[in-house]
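Structure below is start-v5.cif: mmCIF, C-alpha atoms.
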data_target
loop_
_atom_site.label_atom_id
_atom_site.label_comp_id
_atom_site.auth_asym_id
_atom_site.auth_seq_id
_atom_site.Cartn_x
_atom_site.Cartn_y
_atom_site.Cartn_z
CA MET A 725 0.00 0.00 0.00
CA GLY A 726 2.91 2.37 0.64
CA TRP A 727 1.22 4.07 3.59
CA ARG A 728 3.40 5.81 6.15
CA LEU A 729 3.11 7.85 9.33
CA ALA A 730 4.08 11.35 8.20
CA HIS A 731 3.67 13.49 11.35
CA ILE A 732 3.07 13.13 15.09
CA PHE A 733 1.63 15.96 17.17
CA ARG A 734 0.46 16.38 20.74
CA HIS A 735 -1.36 19.19 22.51
CA PRO A 736 -0.28 19.44 26.18
CA ILE A 737 -3.04 21.92 27.11
CA LYS A 738 -6.33 21.23 25.36
CA ALA A 739 -6.93 23.90 22.67
CA HIS A 740 -3.81 25.85 23.71
CA GLY A 741 -0.98 24.92 21.40
CA ARG A 742 0.54 21.96 19.63
CA GLU A 743 4.01 20.44 19.36
CA ARG A 744 5.55 18.14 16.76
CA LEU A 745 7.19 14.90 17.94
CA ASP A 746 9.60 12.61 16.09
CA ALA A 747 8.55 9.54 18.05
CA VAL A 748 6.36 8.53 20.98
CA ASP A 749 5.46 5.42 22.98
CA LEU A 750 1.76 4.55 22.90
CA THR A 751 0.07 2.66 25.72
CA GLU A 752 -2.97 0.42 25.41
CA GLY A 753 -6.16 2.30 26.27
CA ARG A 754 -4.43 5.68 26.55
CA CYS A 755 -4.00 8.74 24.37
CA LEU A 756 -0.53 10.11 23.53
CA PRO A 757 1.47 10.84 26.70
CA PHE A 758 0.69 14.38 27.85
CA ASP A 759 -1.79 14.97 25.05
CA ARG A 760 -4.59 17.18 26.43
CA HIS A 761 -3.12 16.49 29.86
CA TRP A 762 -4.35 19.90 31.03
CA ALA A 763 -7.43 21.86 30.06
CA VAL A 764 -8.46 25.44 30.82
CA ALA A 765 -11.75 25.64 32.70
CA HIS A 766 -13.65 28.88 32.08
CA ASP A 767 -15.34 30.85 34.81
CA GLY A 768 -18.75 29.37 33.96
CA ALA A 769 -17.58 25.73 34.04
CA MET A 770 -19.58 23.09 35.90
CA LEU A 771 -16.90 20.47 36.50
CA MET A 772 -17.38 16.92 37.71
CA PRO A 773 -14.51 14.74 38.99
CA GLY A 774 -12.43 13.26 36.18
CA TRP A 775 -13.05 13.82 32.47
CA ASN A 776 -15.40 16.65 31.46
CA PRO A 777 -16.90 17.61 28.08
CA CYS A 778 -15.38 20.47 26.09
CA MET A 779 -18.21 22.92 26.86
CA ASN A 780 -16.48 23.50 30.23
CA PHE A 781 -13.22 24.68 28.70
CA THR A 782 -11.92 27.64 26.72
CA ARG A 783 -11.23 26.54 23.15
CA GLY A 784 -10.60 27.73 19.63
CA ALA A 785 -14.20 27.29 18.52
CA LYS A 786 -15.12 30.21 20.78
CA THR A 787 -11.83 32.14 20.92
CA SER A 788 -10.06 31.91 17.57
CA ALA A 789 -6.84 33.55 18.81
CA LEU A 790 -6.07 30.40 20.84
CA GLN A 791 -5.44 28.53 17.60
CA ALA A 792 -2.19 30.45 17.04
CA ILE A 793 -0.51 29.05 20.19
CA ASP A 794 2.43 26.66 19.85
CA ALA A 795 3.70 24.52 22.72
CA ALA A 796 6.79 22.60 23.85
CA TRP A 797 6.79 20.29 26.90
CA ASP A 798 10.18 19.23 28.32
CA GLY A 799 8.85 16.95 31.06
CA ALA A 800 8.88 19.64 33.75
CA LYS A 801 8.09 22.97 32.14
CA LEU A 802 5.81 24.04 29.32
CA THR A 803 6.73 26.81 26.87
CA LEU A 804 3.96 28.56 24.95
CA THR A 805 4.35 31.02 22.08
CA HIS A 806 1.86 33.22 20.24
CA PRO A 807 2.44 35.85 17.54
CA ASP A 808 0.87 38.57 19.73
CA LEU A 809 2.45 37.64 23.08
CA ALA A 810 5.90 37.21 24.59
CA PRO A 811 6.86 33.54 25.09
CA LEU A 812 5.95 31.98 28.43
CA THR A 813 7.76 29.13 30.19
CA PHE A 814 6.06 27.82 33.33
CA GLU A 815 5.32 24.79 35.50
CA PRO A 816 1.63 23.98 34.93
CA ASP A 817 1.16 21.97 38.14
CA THR A 818 2.25 24.78 40.47
CA ALA A 819 0.15 27.67 41.76
CA ASP A 820 2.66 30.21 40.44
CA GLY A 821 2.77 28.49 37.07
CA GLU A 822 -1.02 28.41 36.78
CA ALA A 823 -1.25 32.11 37.71
CA ALA A 824 1.43 33.02 35.16
CA PHE A 825 -0.38 31.07 32.45
CA LEU A 826 -3.77 32.63 33.19
CA ASP A 827 -2.27 36.13 33.12
CA TRP A 828 -0.56 35.31 29.82
CA VAL A 829 -3.60 33.89 28.03
CA ARG A 830 -6.29 36.35 29.21
CA PRO A 831 -5.46 39.05 26.60
CA LEU A 832 -6.46 36.57 23.86
CA HIS A 833 -10.02 36.44 25.17
CA GLY A 834 -12.77 38.93 24.46
CA SER A 835 -14.85 40.26 27.34
CA GLU A 836 -18.06 38.91 25.80
CA ARG A 837 -17.21 35.29 26.60
CA ALA A 838 -16.40 33.34 29.75
CA GLY A 839 -12.72 33.78 30.50
CA PRO A 840 -10.02 31.33 31.63
CA ALA A 841 -10.33 30.50 35.33
CA LYS A 842 -8.03 27.57 36.13
CA LEU A 843 -5.92 24.74 34.76
CA VAL A 844 -7.39 21.32 35.46
CA THR A 845 -6.30 17.70 35.04
CA ALA A 846 -8.29 14.49 35.09
CA GLY A 847 -5.81 11.65 35.52
CA ARG A 848 -6.22 11.00 31.79
CA GLY A 849 -6.15 12.99 28.57
CA MET A 850 -8.92 15.58 28.18
CA THR A 851 -9.66 14.33 24.67
CA ASP A 852 -12.84 15.45 22.93
CA THR A 853 -14.08 11.87 23.31
CA ASP A 854 -15.14 10.45 26.67
CA PHE A 855 -12.63 7.64 26.04
CA GLU A 856 -8.90 8.23 25.62
CA SER A 857 -8.45 8.58 21.88
CA VAL A 858 -5.77 9.12 19.26
CA SER A 859 -6.86 11.22 16.29
CA ILE A 860 -5.72 10.02 12.85
CA LEU A 861 -5.91 12.18 9.72
CA ASN A 862 -5.03 11.79 6.05
CA LEU A 863 -2.73 14.23 4.24
CA ALA A 864 -4.50 13.47 0.94
CA SER A 865 -7.88 14.45 2.41
CA ASN A 866 -6.41 17.76 3.54
CA ALA A 867 -4.94 18.29 0.05
CA ALA A 868 -8.31 17.55 -1.56
CA LEU A 869 -10.10 20.04 0.68
CA SER A 870 -7.35 22.61 0.05
CA ALA A 871 -7.81 22.20 -3.71
CA GLN A 872 -11.55 22.65 -3.33
CA LEU A 873 -11.03 25.92 -1.44
CA GLY A 874 -8.19 27.09 -3.70
CA ALA A 875 -5.88 27.63 -0.71
CA GLU A 876 -3.47 25.48 1.26
CA LEU A 877 -4.96 24.48 4.61
CA GLY A 878 -2.29 24.20 7.28
CA LEU A 879 -2.27 20.96 9.26
CA ASP A 880 -2.35 22.67 12.66
CA ARG A 881 -5.98 23.77 12.37
CA TRP A 882 -7.15 20.15 12.62
CA ARG A 883 -5.39 19.48 15.97
CA ALA A 884 -4.52 15.90 14.94
CA ASN A 885 -2.20 13.44 16.64
CA LEU A 886 -1.17 11.31 13.65
CA TRP A 887 -1.04 12.28 9.96
CA LEU A 888 -0.82 9.48 7.37
CA GLU A 889 0.52 9.73 3.82
CA GLY A 890 0.14 7.56 0.73
CA LEU A 891 -3.64 7.09 1.02
CA GLU A 892 -6.36 8.12 -1.40
CA PRO A 893 -8.41 11.14 -0.28
CA TRP A 894 -11.09 10.23 2.28
CA ALA A 895 -9.96 6.58 2.46
CA GLU A 896 -9.96 6.84 6.26
CA CYS A 897 -13.73 7.38 6.32
CA ALA A 898 -14.29 3.69 5.55
CA TRP A 899 -12.15 2.43 8.44
CA ILE A 900 -14.63 2.54 11.34
CA GLY A 901 -14.27 -0.74 13.24
CA ARG A 902 -11.04 -1.68 11.42
CA GLU A 903 -7.55 -1.92 12.92
CA LEU A 904 -4.26 -0.25 11.94
CA VAL A 905 -0.71 -1.35 12.68
CA ILE A 906 1.73 1.56 12.96
CA GLY A 907 5.30 0.72 13.94
CA ALA A 908 5.09 -1.57 16.98
CA THR A 909 1.59 -0.54 18.00
CA ARG A 910 -1.95 -1.40 16.94
CA LEU A 911 -5.03 0.82 16.99
CA ARG A 912 -8.73 0.25 16.44
CA ILE A 913 -10.65 2.95 14.56
CA ALA A 914 -13.60 3.95 16.73
CA GLU A 915 -15.54 6.81 15.13
CA PRO A 916 -15.32 9.80 12.77
CA ILE A 917 -14.24 13.21 14.07
CA GLY A 918 -17.01 15.79 13.84
CA ARG A 919 -15.51 19.24 13.28
CA CYS A 920 -16.21 22.68 14.77
CA ARG A 921 -15.49 26.33 14.00
CA ALA A 922 -11.94 26.08 15.35
CA THR A 923 -10.93 24.49 12.04
CA MET A 924 -11.87 27.71 10.23
CA VAL A 925 -8.92 29.54 11.82
CA ASP A 926 -5.48 30.15 10.30
CA CYS A 927 -3.11 29.01 13.05
CA ALA A 928 -0.38 31.43 11.95
CA THR A 929 -2.58 34.44 12.76
CA GLY A 930 -5.42 33.21 14.97
CA GLN A 931 -7.92 34.70 12.49
CA ILE A 932 -10.73 32.95 10.60
CA ASP A 933 -9.76 32.53 6.95
CA HIS A 934 -11.82 29.68 5.41
CA ASP A 935 -15.24 28.13 5.99
CA THR A 936 -13.97 24.58 6.37
CA LEU A 937 -17.33 23.34 7.64
CA LYS A 938 -19.13 24.47 4.48
CA ALA A 939 -16.33 22.97 2.37
CA LEU A 940 -16.68 19.63 4.16
CA ARG A 941 -20.44 19.60 3.65
CA ILE A 942 -19.92 20.21 -0.08
CA ALA A 943 -17.17 17.58 -0.35
CA ARG A 944 -18.68 14.88 1.85
CA GLY A 945 -22.19 15.78 2.93
CA ASP A 946 -21.14 16.08 6.58
CA THR A 947 -18.58 17.94 8.71
CA ASN A 948 -16.39 14.95 9.59
CA PHE A 949 -12.65 15.06 9.04
CA GLY A 950 -10.41 12.27 10.32
CA VAL A 951 -11.08 9.43 12.73
CA TYR A 952 -10.63 8.66 16.40
CA ALA A 953 -8.83 5.46 17.37
CA THR A 954 -8.01 3.59 20.56
CA VAL A 955 -4.67 1.93 21.23
CA ILE A 956 -5.15 -1.82 21.58
CA GLN A 957 -1.46 -2.84 21.56
CA SER A 958 1.23 -0.77 23.25
CA GLY A 959 4.47 0.14 21.52
CA PRO A 960 6.64 2.89 20.05
CA ILE A 961 5.86 4.74 16.84
CA ARG A 962 8.09 7.05 14.82
CA ALA A 963 7.50 9.40 11.92
CA GLY A 964 8.19 7.37 8.76
CA ASP A 965 6.81 4.11 10.14
CA VAL A 966 4.89 1.86 7.74
CA VAL A 967 1.11 1.85 8.28
CA GLU A 968 -0.96 -1.25 7.52
CA LEU A 969 -4.73 -1.74 7.55
CA VAL A 970 -5.47 -5.13 9.13
CA ALA A 971 -7.49 -7.44 6.90
#
Is it possible to give me this structure as structure tokens?
Amino acid sequence: MGWRLAHIFRHPIKAHGRERLDAVDLTEGRCLPFDRHWAVAHDGAMLMPGWNPCMNFTRGAKTSALQAIDAAWDGAKLTLTHPDLAPLTFEPDTADGEAAFLDWVRPLHGSERAGPAKLVTAGRGMTDTDFESVSILNLASNAALSAQLGAELGLDRWRANLWLEGLEPWAECAWIGRELVIGATRLRIAEPIGRCRATMVDCATGQIDHDTLKALRIARGDTNFGVYATVIQSGPIRAGDVVELVA
């Protein structure tokens, strides 16, 4: 088939930046290590213990400027950058670090919406699914949608974990219930990823530039892009690994 793993990304704080990885170890039943490990509860959040749905958190669908954040996690400190702000390096699990982060991110929020109130964790990744998921996307599908819009859509707007290359456009849509082998790990495709307004934002500027939801409806008849998977066999993966669809 000639399919390969092209890119690996994680997002240490849900909706607040992404970082590219060369390799990562996946664990059965878990998302990428430190992917969506923290989330930013807004001041109207109604939190329950453990995982909470995204309506409780500040996110790019409501505050487009958040989409322009990049992140780097070194195992102790997190560094965030944004084109309109000075870089910030902080320890997310400390009171001083949380305060520094909240002060840093508040200028990106408008006064008309609930603002950032606190960093929270759940003992698991704050994925958009209520199970710990790995999001898998297809470079050819992004290229097809870019051609339809007449503009190159950057990968960051989709907030994916794994990007695959060598597939036909939209091939991934037929994989629900199937299994993939990537490197030394195995994943089961669980469900399609329904998209929101955050994908309309250019991540270089934090400004809306394309109606990706309308484009998806024209191309596919829905607003799905990519698939969620669960890890069913632990192991390392690395950019460039061969990808195989299990018969």
Given all atoms listed in the file as the basis, pick out the residue of A:Ala765, A:Leu771, A:Ala824, A:Ala867 nearest to Pro893 of chain A.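 Of A:Ala765, A:Leu771, A:Ala824, A:Ala867, the one nearest Pro893 of chain A is A:Ala867, counting all atoms listed in the file.
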Please compute the atom CA of Ala819 of chain A-atom CA of Gly784 of chain A distance, one decimal, in Å. 24.6 Å
So which residues touch Trp775 of chain A within 10 Å, counting only C-alpha atoms, skipping near sequence neighbours fewer than 6 positions away, as a list in words?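 Here the answer would be Val844, Thr845, Ala846, Gly847, Arg848, Gly849, Met850, Thr851, Asp852, Thr853, Asp854, Phe855 and Glu856 of chain A.
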Once the PyMOL selection byres ((chain A and resi 967) around 10) has been applied to the shown file, what residues remain in the selection, as a PyMOL selection string? chain A and resi 725-730+888-890+904-907+910+964-966+968-970
Here's the selection I'm unsure about, the PyMOL selection byres ((chain A and resi 803-814) around 12); applied to the file above, which residues does it give, as a CSV table (one decimal) with C-alpha atoms, in the frame of the given file?
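Output saved as part_3.csv:
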chain,number,residue,atom,x,y,z
A,735,HIS,CA,-1.4,19.2,22.5
A,736,PRO,CA,-0.3,19.4,26.2
A,737,ILE,CA,-3.0,21.9,27.1
A,740,HIS,CA,-3.8,25.8,23.7
A,741,GLY,CA,-1.0,24.9,21.4
A,742,ARG,CA,0.5,22.0,19.6
A,743,GLU,CA,4.0,20.4,19.4
A,789,ALA,CA,-6.8,33.6,18.8
A,790,LEU,CA,-6.1,30.4,20.8
A,791,GLN,CA,-5.4,28.5,17.6
A,792,ALA,CA,-2.2,30.4,17.0
A,793,ILE,CA,-0.5,29.0,20.2
A,794,ASP,CA,2.4,26.7,19.8
A,795,ALA,CA,3.7,24.5,22.7
A,796,ALA,CA,6.8,22.6,23.8
A,797,TRP,CA,6.8,20.3,26.9
A,798,ASP,CA,10.2,19.2,28.3
A,799,GLY,CA,8.8,17.0,31.1
A,800,ALA,CA,8.9,19.6,33.8
A,801,LYS,CA,8.1,23.0,32.1
A,802,LEU,CA,5.8,24.0,29.3
A,815,GLU,CA,5.3,24.8,35.5
A,816,PRO,CA,1.6,24.0,34.9
A,817,ASP,CA,1.2,22.0,38.1
A,818,THR,CA,2.2,24.8,40.5
A,819,ALA,CA,0.2,27.7,41.8
A,820,ASP,CA,2.7,30.2,40.4
A,821,GLY,CA,2.8,28.5,37.1
A,822,GLU,CA,-1.0,28.4,36.8
A,823,ALA,CA,-1.2,32.1,37.7
A,824,ALA,CA,1.4,33.0,35.2
A,825,PHE,CA,-0.4,31.1,32.4
A,826,LEU,CA,-3.8,32.6,33.2
A,827,ASP,CA,-2.3,36.1,33.1
A,828,TRP,CA,-0.6,35.3,29.8
A,829,VAL,CA,-3.6,33.9,28.0
A,830,ARG,CA,-6.3,36.4,29.2
A,831,PRO,CA,-5.5,39.0,26.6
A,832,LEU,CA,-6.5,36.6,23.9
A,927,CYS,CA,-3.1,29.0,13.0
A,928,ALA,CA,-0.4,31.4,12.0
A,929,THR,CA,-2.6,34.4,12.8
A,930,GLY,CA,-5.4,33.2,15.0
A,931,GLN,CA,-7.9,34.7,12.5
Figure out the distance between atom CA of Ala747 of chain A and atom CA of Phe949 of chain A, please, to one decimal in Å.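 According to the coordinates, atom CA of Phe949 of chain A and atom CA of Ala747 of chain A are separated by 23.7 Å.
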Calculate how many Å separate atom CA of Arg783 of chain A from atom CA of Trp887 of chain A, rounding to one decimal.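 For atom CA of Arg783 of chain A relative to atom CA of Trp887 of chain A, the distance reads 21.9 Å.
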Using the chain letters and numbers from the file, which residues does the PyMOL selection byres ((chain A and resi 781) around 9) grab, as a list in words?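 After applying the PyMOL selection byres ((chain A and resi 781) around 9), what remains is Lys738, Ala739, Ala763, Val764, Ala765, His766, Asp767, Gly768, Ala769, Asn776, Pro777, Cys778, Met779, Asn780, Thr782, Arg783 and Pro840 of chain A.
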Nearest to Val951 of chain A by atom-to-atom distance, counting all atoms listed in the file, from A:Leu911, A:Leu843, A:Leu873, A:Met770: A:Leu911
Contacts of Asp946 of chain A at 10 Å (all atoms listed in the file; same-chain gap of 6+ positions) as JSON, numbers by chain: {"A": [918, 919, 937, 938, 939, 940]}
Which one of A:Pro916, A:Val748, A:Arg883, A:Gly950 sits closest to Ala864 of chain A if you count all atoms listed in the file?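 The answer is A:Gly950, which sits nearest to Ala864 of chain A.
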Which is closer to Ile860 of chain A than all the others in A:Arg744, A:His833, A:Lys786, A:Arg912, using all atoms listed in the file?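 Using all atoms listed in the file, Ile860 of chain A sits closest to A:Arg912.
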I'd like the neighbourhood of Glu876 of chain A as a PyMOL selection string, where a residue qualifies if any of its atoms comes within 9 Å (using only C-alpha atoms), though same-chain residues fewer than 4 positions away should be ignored. chain A and resi 866-867+869-871
Serialized selection, C-alpha atoms, as a PDB file, keeping the file's coordinate frame:
ATOM      1  CA  ASN A 866      -6.410  17.760   3.540  1.00  0.00           C
ATOM      2  CA  ALA A 867      -4.940  18.290   0.050  1.00  0.00           C
ATOM      3  CA  LEU A 869     -10.100  20.040   0.680  1.00  0.00           C
ATOM      4  CA  SER A 870      -7.350  22.610   0.050  1.00  0.00           C
ATOM      5  CA  ALA A 871      -7.810  22.200  -3.710  1.00  0.00           C
TER       6      ALA A 871
END
Six-sided padding of 3 Å per side, axis-aligned box over segment 751-769 of chain A, centre and edges in Å, one decimal, as AutoDock Vina command-line options:
--center_x -8.6 --center_y 15.6 --center_z 29.2 --size_x 26.2 --size_y 36.4 --size_z 17.3
Taking into account all atoms listed in the file, which residue in the set A:Leu750, A:Ala785, A:Leu863, A:Ile956 is nearest to His731 of chain A? A:Leu863
Have a look at A:Val925, A:Ala898, A:Val955, A:Asp749 and name the one nearest to Leu879 of chain A; count all atoms listed in the file.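 So, comparing all the options, the nearest one is A:Val925.
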Polymer residues at most 8 Å from (6.8, -1.8, 17.3) by all atoms listed in the file, as an MDAnalysis selection string: chainID A and resid 906:909 959:961
Write a file for segment 946-960 of chain A of the given structure; include N, CA, C and O atoms and format it as an mmCIF file, in the first residue's frame.
data_model
loop_
_atom_site.group_PDB
_atom_site.id
_atom_site.type_symbol
_atom_site.label_atom_id
_atom_site.label_comp_id
_atom_site.auth_asym_id
_atom_site.auth_seq_id
_atom_site.Cartn_x
_atom_site.Cartn_y
_atom_site.Cartn_z
ATOM 1 N N ASP A 946 -21.151 15.975 5.119
ATOM 2 C CA ASP A 946 -21.142 16.081 6.577
ATOM 3 C C ASP A 946 -19.968 16.974 6.970
ATOM 4 O O ASP A 946 -19.311 17.557 6.107
ATOM 5 N N THR A 947 -19.713 17.110 8.256
ATOM 6 C CA THR A 947 -18.582 17.935 8.712
ATOM 7 C C THR A 947 -17.532 17.083 9.432
ATOM 8 O O THR A 947 -16.845 17.553 10.324
ATOM 9 N N ASN A 948 -17.395 15.832 9.019
ATOM 10 C CA ASN A 948 -16.395 14.950 9.592
ATOM 11 C C ASN A 948 -15.062 15.107 8.864
ATOM 12 O O ASN A 948 -15.014 15.262 7.645
ATOM 13 N N PHE A 949 -13.979 15.043 9.641
ATOM 14 C CA PHE A 949 -12.646 15.065 9.043
ATOM 15 C C PHE A 949 -11.711 14.298 9.960
ATOM 16 O O PHE A 949 -11.412 14.744 11.068
ATOM 17 N N GLY A 950 -11.263 13.122 9.511
ATOM 18 C CA GLY A 950 -10.406 12.271 10.317
ATOM 19 C C GLY A 950 -11.191 11.295 11.170
ATOM 20 O O GLY A 950 -12.430 11.284 11.171
ATOM 21 N N VAL A 951 -10.453 10.464 11.896
ATOM 22 C CA VAL A 951 -11.085 9.429 12.727
ATOM 23 C C VAL A 951 -10.398 9.361 14.086
ATOM 24 O O VAL A 951 -9.209 9.665 14.217
ATOM 25 N N TYR A 952 -11.175 8.954 15.083
ATOM 26 C CA TYR A 952 -10.634 8.663 16.404
ATOM 27 C C TYR A 952 -10.333 7.171 16.503
ATOM 28 O O TYR A 952 -11.097 6.323 16.016
ATOM 29 N N ALA A 953 -9.211 6.859 17.164
ATOM 30 C CA ALA A 953 -8.827 5.464 17.367
ATOM 31 C C ALA A 953 -8.476 5.236 18.828
ATOM 32 O O ALA A 953 -8.177 6.180 19.570
ATOM 33 N N THR A 954 -8.494 3.978 19.230
ATOM 34 C CA THR A 954 -8.015 3.589 20.555
ATOM 35 C C THR A 954 -6.811 2.666 20.377
ATOM 36 O O THR A 954 -6.753 1.870 19.438
ATOM 37 N N VAL A 955 -5.852 2.782 21.271
ATOM 38 C CA VAL A 955 -4.668 1.931 21.232
ATOM 39 C C VAL A 955 -5.017 0.581 21.844
ATOM 40 O O VAL A 955 -5.452 0.510 22.991
ATOM 41 N N ILE A 956 -4.835 -0.486 21.074
ATOM 42 C CA ILE A 956 -5.147 -1.820 21.584
ATOM 43 C C ILE A 956 -3.897 -2.677 21.746
ATOM 44 O O ILE A 956 -3.980 -3.791 22.275
ATOM 45 N N GLN A 957 -2.754 -2.170 21.317
ATOM 46 C CA GLN A 957 -1.463 -2.836 21.561
ATOM 47 C C GLN A 957 -0.411 -1.764 21.758
ATOM 48 O O GLN A 957 -0.200 -0.929 20.884
ATOM 49 N N SER A 958 0.232 -1.787 22.910
ATOM 50 C CA SER A 958 1.230 -0.768 23.248
ATOM 51 C C SER A 958 2.483 -0.930 22.390
ATOM 52 O O SER A 958 2.808 -2.032 21.926
ATOM 53 N N GLY A 959 3.194 0.204 22.215
ATOM 54 C CA GLY A 959 4.468 0.143 21.517
ATOM 55 C C GLY A 959 4.893 1.509 21.018
ATOM 56 O O GLY A 959 4.117 2.467 21.041
ATOM 57 N N PRO A 960 6.143 1.624 20.571
ATOM 58 C CA PRO A 960 6.639 2.887 20.053
ATOM 59 C C PRO A 960 6.223 3.107 18.608
ATOM 60 O O PRO A 960 6.072 2.148 17.840
#
